[in-house]
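**Q** Sharing a structure, written as structure tokens. Questions coming.
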Amino acid sequence: MTLYRIHGDETGGTRLTEIDLSKFPNDAVVDTRVEGILGIPATTVSLASMVERQTDDELHAAPWRQFLIMLQGEHEIIATSGERCTLVAGDLLFTDDVGTTGHYSRDCGEDHMVMVSVRVPDDWTFPEV
């Protein structure tokens with residue numbers, strides 16, 4: 001599992017950052033050590049199966065801040081900085097580029113995409129790494 005974050009930069013463009021979840025240790029959660037970002041507030045959860053291929057070759061910003069969890073398919077994300085990633089089943093993307101010039105994305109896998117989206121409140125702060 002890999003967590004990526006698409007976010008704005010100082011010019012209004014976008015950057016893509018891979019987040020190392022081991023940087024977020026949580027020793028007191030259960031009997032065993034857990035790594036990750038815990039206690040994230042959520043406002044809505046959606047499950048989507050993309051019936052048709054998603055061919056998006058225009059810049060667009062995320063409509064709101066959310067985590068996208070890929071369950072099936074492959075989806076490429078390209079920041080205006082040129083950084084890119086291909087999300088596969090099990091990967092997560094935090095879309096944090098609302099109000100920027102946006103990013104490019106495209107469906108690039110053989111299978112149709114199935115994903116879960118978890119919207120977070122606008123005032124939630126992504127933790128510093």
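In the structure tokens, chains take the letters A, B, ... in the order shown, each chain's residues start at 1, and ligands count up from 1 in the order shown.
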With only C-alpha atoms as the counted atoms, please give the residues lying no more than 6 Å from Gly73 (chain A), apart from itself and same-chain residues fewer than 3 positions off, as a list in words.
**A**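 Everything that qualifies: Gly109, Asp111, His112 and Met113 of chain A.
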**Q** How would the residues just picked look written out with C-alpha atoms as a short mmCIF file (atom, residue, chain, number, x, y, z; two decimals), in the first residue's frame?
**A**
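Done, and the output landed in again_18.cif:
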```
data_model
loop_
_atom_site.label_atom_id
_atom_site.label_comp_id
_atom_site.auth_asym_id
_atom_site.auth_seq_id
_atom_site.Cartn_x
_atom_site.Cartn_y
_atom_site.Cartn_z
CA GLY A 109 -5.56 -0.14 -16.57
CA ASP A 111 -9.93 -3.39 -15.60
CA HIS A 112 -12.50 -0.71 -14.91
CA MET A 113 -11.80 1.35 -11.81
#
```
**Q** DSSP on the backbone, then: every residue of chain A marked strand (DSSP E), written as an MDAnalysis selection string.
**A** chainID A and resid 3:8 14:19 25:26 34:35 44:49 66:72 75:79 84:87 92:96 103:107 114:119
**Q** Can you spit out the residues from that selection as a compact mmCIF listing (two decimals), in the first residue's frame, using N, CA and C atoms?
**A**
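Saved as part-v4.txt:
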```txt
# COMPACT_ATOMS: atom_id res chain seq x y z
N LEU A 3 0.62 5.61 -0.04
CA LEU A 3 -0.21 6.80 0.10
C LEU A 3 0.48 7.95 -0.63
N TYR A 4 -0.25 8.58 -1.54
CA TYR A 4 0.22 9.75 -2.26
C TYR A 4 -0.64 10.94 -1.86
N ARG A 5 -0.08 12.13 -1.98
CA ARG A 5 -0.82 13.37 -1.72
C ARG A 5 -0.59 14.33 -2.88
N ILE A 6 -1.66 14.73 -3.56
CA ILE A 6 -1.57 15.76 -4.57
C ILE A 6 -1.97 17.06 -3.89
N HIS A 7 -1.09 18.07 -3.94
CA HIS A 7 -1.32 19.29 -3.18
C HIS A 7 -0.76 20.49 -3.91
N GLY A 8 -1.22 21.69 -3.51
CA GLY A 8 -0.78 22.91 -4.13
C GLY A 8 0.63 23.29 -3.69
N THR A 14 0.69 22.25 -8.78
CA THR A 14 0.54 21.09 -7.91
C THR A 14 1.82 20.27 -7.83
N ARG A 15 1.94 19.60 -6.70
CA ARG A 15 3.04 18.67 -6.41
C ARG A 15 2.42 17.34 -6.02
N LEU A 16 3.16 16.28 -6.21
CA LEU A 16 2.74 14.95 -5.81
C LEU A 16 3.78 14.41 -4.84
N THR A 17 3.35 14.04 -3.66
CA THR A 17 4.26 13.55 -2.63
C THR A 17 3.87 12.15 -2.22
N GLU A 18 4.85 11.25 -2.13
CA GLU A 18 4.61 9.92 -1.58
C GLU A 18 4.82 10.02 -0.07
N ILE A 19 3.86 9.53 0.69
CA ILE A 19 3.88 9.64 2.15
C ILE A 19 4.33 8.31 2.74
N PRO A 25 4.24 6.79 13.86
CA PRO A 25 4.07 5.67 14.79
C PRO A 25 2.97 5.97 15.80
N ASN A 26 2.22 4.94 16.17
CA ASN A 26 1.14 5.07 17.14
C ASN A 26 1.28 3.91 18.13
N VAL A 34 1.29 0.30 15.59
CA VAL A 34 0.58 0.62 14.36
C VAL A 34 1.23 1.84 13.73
N GLU A 35 1.46 1.78 12.42
CA GLU A 35 2.00 2.93 11.70
C GLU A 35 0.90 3.49 10.80
N THR A 44 -18.18 12.19 4.48
CA THR A 44 -18.95 11.25 3.66
C THR A 44 -18.04 10.14 3.17
N VAL A 45 -18.63 9.01 2.86
CA VAL A 45 -17.92 7.88 2.27
C VAL A 45 -18.72 7.44 1.05
N SER A 46 -18.03 7.22 -0.07
CA SER A 46 -18.69 6.79 -1.30
C SER A 46 -17.94 5.60 -1.89
N LEU A 47 -18.68 4.74 -2.55
CA LEU A 47 -18.10 3.60 -3.27
C LEU A 47 -18.50 3.76 -4.73
N ALA A 48 -17.52 3.77 -5.63
CA ALA A 48 -17.81 4.00 -7.05
C ALA A 48 -17.16 2.93 -7.91
N SER A 49 -17.95 2.43 -8.84
CA SER A 49 -17.46 1.52 -9.88
C SER A 49 -17.62 2.26 -11.19
N GLN A 66 -10.26 14.75 -0.17
CA GLN A 66 -10.72 13.39 0.08
C GLN A 66 -9.59 12.38 -0.09
N PHE A 67 -9.78 11.24 0.52
CA PHE A 67 -8.91 10.09 0.29
C PHE A 67 -9.60 9.22 -0.75
N LEU A 68 -8.85 8.79 -1.75
CA LEU A 68 -9.33 7.83 -2.73
C LEU A 68 -8.57 6.53 -2.51
N ILE A 69 -9.30 5.45 -2.34
CA ILE A 69 -8.70 4.14 -2.12
C ILE A 69 -9.02 3.28 -3.33
N MET A 70 -7.99 2.89 -4.06
CA MET A 70 -8.18 2.08 -5.26
C MET A 70 -8.44 0.63 -4.87
N LEU A 71 -9.52 0.09 -5.37
CA LEU A 71 -9.85 -1.31 -5.14
C LEU A 71 -9.57 -2.17 -6.37
N GLN A 72 -9.70 -1.54 -7.54
CA GLN A 72 -9.50 -2.26 -8.80
C GLN A 72 -9.14 -1.25 -9.88
N HIS A 75 -4.95 4.02 -12.23
CA HIS A 75 -5.27 5.42 -12.49
C HIS A 75 -3.99 6.23 -12.35
N GLU A 76 -3.61 6.93 -13.41
CA GLU A 76 -2.39 7.74 -13.38
C GLU A 76 -2.72 9.17 -12.98
N ILE A 77 -1.91 9.74 -12.09
CA ILE A 77 -2.03 11.12 -11.63
C ILE A 77 -0.75 11.85 -12.02
N ILE A 78 -0.88 13.04 -12.63
CA ILE A 78 0.28 13.83 -13.03
C ILE A 78 0.11 15.25 -12.49
N ALA A 79 1.05 15.68 -11.65
CA ALA A 79 1.04 17.04 -11.09
C ALA A 79 1.59 18.01 -12.13
N ARG A 84 4.58 12.16 -11.14
CA ARG A 84 3.47 11.31 -11.50
C ARG A 84 3.49 10.01 -10.72
N CYS A 85 2.34 9.39 -10.64
CA CYS A 85 2.22 8.07 -10.03
C CYS A 85 1.09 7.32 -10.70
N THR A 86 1.14 6.01 -10.62
CA THR A 86 0.04 5.18 -11.09
C THR A 86 -0.52 4.45 -9.89
N LEU A 87 -1.77 4.74 -9.58
CA LEU A 87 -2.45 4.08 -8.46
C LEU A 87 -2.95 2.72 -8.91
N LEU A 92 -3.57 4.54 -2.01
CA LEU A 92 -4.40 5.65 -1.57
C LEU A 92 -3.87 6.95 -2.12
N LEU A 93 -4.80 7.88 -2.40
CA LEU A 93 -4.44 9.22 -2.84
C LEU A 93 -5.23 10.21 -2.01
N PHE A 94 -4.54 11.18 -1.43
CA PHE A 94 -5.23 12.26 -0.75
C PHE A 94 -5.25 13.44 -1.70
N THR A 95 -6.44 13.84 -2.15
CA THR A 95 -6.58 14.95 -3.08
C THR A 95 -6.69 16.24 -2.27
N ASP A 96 -5.62 17.01 -2.30
CA ASP A 96 -5.51 18.22 -1.49
C ASP A 96 -5.09 19.40 -2.37
N HIS A 103 -4.44 19.02 -11.62
CA HIS A 103 -3.58 17.92 -12.04
C HIS A 103 -4.25 17.22 -13.23
N TYR A 104 -3.49 16.35 -13.87
CA TYR A 104 -4.02 15.51 -14.93
C TYR A 104 -4.27 14.13 -14.33
N SER A 105 -5.26 13.42 -14.84
CA SER A 105 -5.47 12.04 -14.41
C SER A 105 -6.07 11.26 -15.57
N ARG A 106 -5.80 9.96 -15.56
CA ARG A 106 -6.37 9.12 -16.61
C ARG A 106 -6.44 7.68 -16.15
N ASP A 107 -7.45 7.01 -16.61
CA ASP A 107 -7.66 5.59 -16.38
C ASP A 107 -6.72 4.86 -17.32
N VAL A 114 -12.56 0.72 -9.64
CA VAL A 114 -13.46 0.67 -8.49
C VAL A 114 -12.70 1.32 -7.36
N MET A 115 -13.34 2.29 -6.69
CA MET A 115 -12.65 2.99 -5.62
C MET A 115 -13.62 3.41 -4.52
N VAL A 116 -13.05 3.66 -3.38
CA VAL A 116 -13.77 4.23 -2.25
C VAL A 116 -13.24 5.64 -2.07
N SER A 117 -14.13 6.60 -1.82
CA SER A 117 -13.69 7.95 -1.50
C SER A 117 -14.19 8.30 -0.10
N VAL A 118 -13.31 8.94 0.65
CA VAL A 118 -13.63 9.38 2.00
C VAL A 118 -13.34 10.87 2.07
N ARG A 119 -14.39 11.66 2.12
CA ARG A 119 -14.24 13.11 2.17
C ARG A 119 -13.91 13.55 3.59
```
**Q** Got a sec: who's within 8 Å of Pro41 (chain A), counting only C-alpha atoms, leaving out chain neighbours fewer than 4 positions off, as a ChimeraX atom specification?
**A** /A:120-121,124
**Q** Mind pulling up the distance from CA of Asp57 (chain A) to CA of Glu10 (chain A)?
**A** 23.7 Å
**Q** For Pro63 (chain A), find every residue with an atom within 9 Å (counting only C-alpha atoms), except residues of its own chain fewer than 6 positions away, and show them as a PyMOL selection string.
**A** chain A and resi 95+97-99
**Q** Next, the residues of the selection above should be written as a JSON list (two decimals), in the first residue's frame with N, CA and C atoms.
**A**
```json
[["chain", "number", "residue", "atom", "x", "y", "z"],
["A", 95, "THR", "N", -6.44, 13.84, -2.15],
["A", 95, "THR", "CA", -6.58, 14.95, -3.08],
["A", 95, "THR", "C", -6.69, 16.24, -2.27],
["A", 97, "ASP", "N", -5.63, 19.40, -3.62],
["A", 97, "ASP", "CA", -5.26, 20.47, -4.56],
["A", 97, "ASP", "C", -6.45, 21.35, -4.93],
["A", 98, "VAL", "N", -7.44, 21.40, -4.05],
["A", 98, "VAL", "CA", -8.60, 22.28, -4.26],
["A", 98, "VAL", "C", -8.09, 23.72, -4.36],
["A", 99, "GLY", "N", -8.57, 24.47, -5.37],
["A", 99, "GLY", "CA", -8.18, 25.86, -5.51],
["A", 99, "GLY", "C", -6.85, 26.09, -6.22]]
```
**Q** Quote the spacing between CA of Ile37 (chain A) and CA of Thr125 (chain A) in Å to one decimal place.
**A**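 Between CA of Ile37 (chain A) and CA of Thr125 (chain A) the gap works out to 11.5 Å.
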**Q** Report, in Å to a single decimal, how far apart CA of Thr43 (chain A) and CA of Asp122 (chain A) are.
**A**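 About the pair CA of Asp122 (chain A) and CA of Thr43 (chain A): they are 9.8 Å apart.
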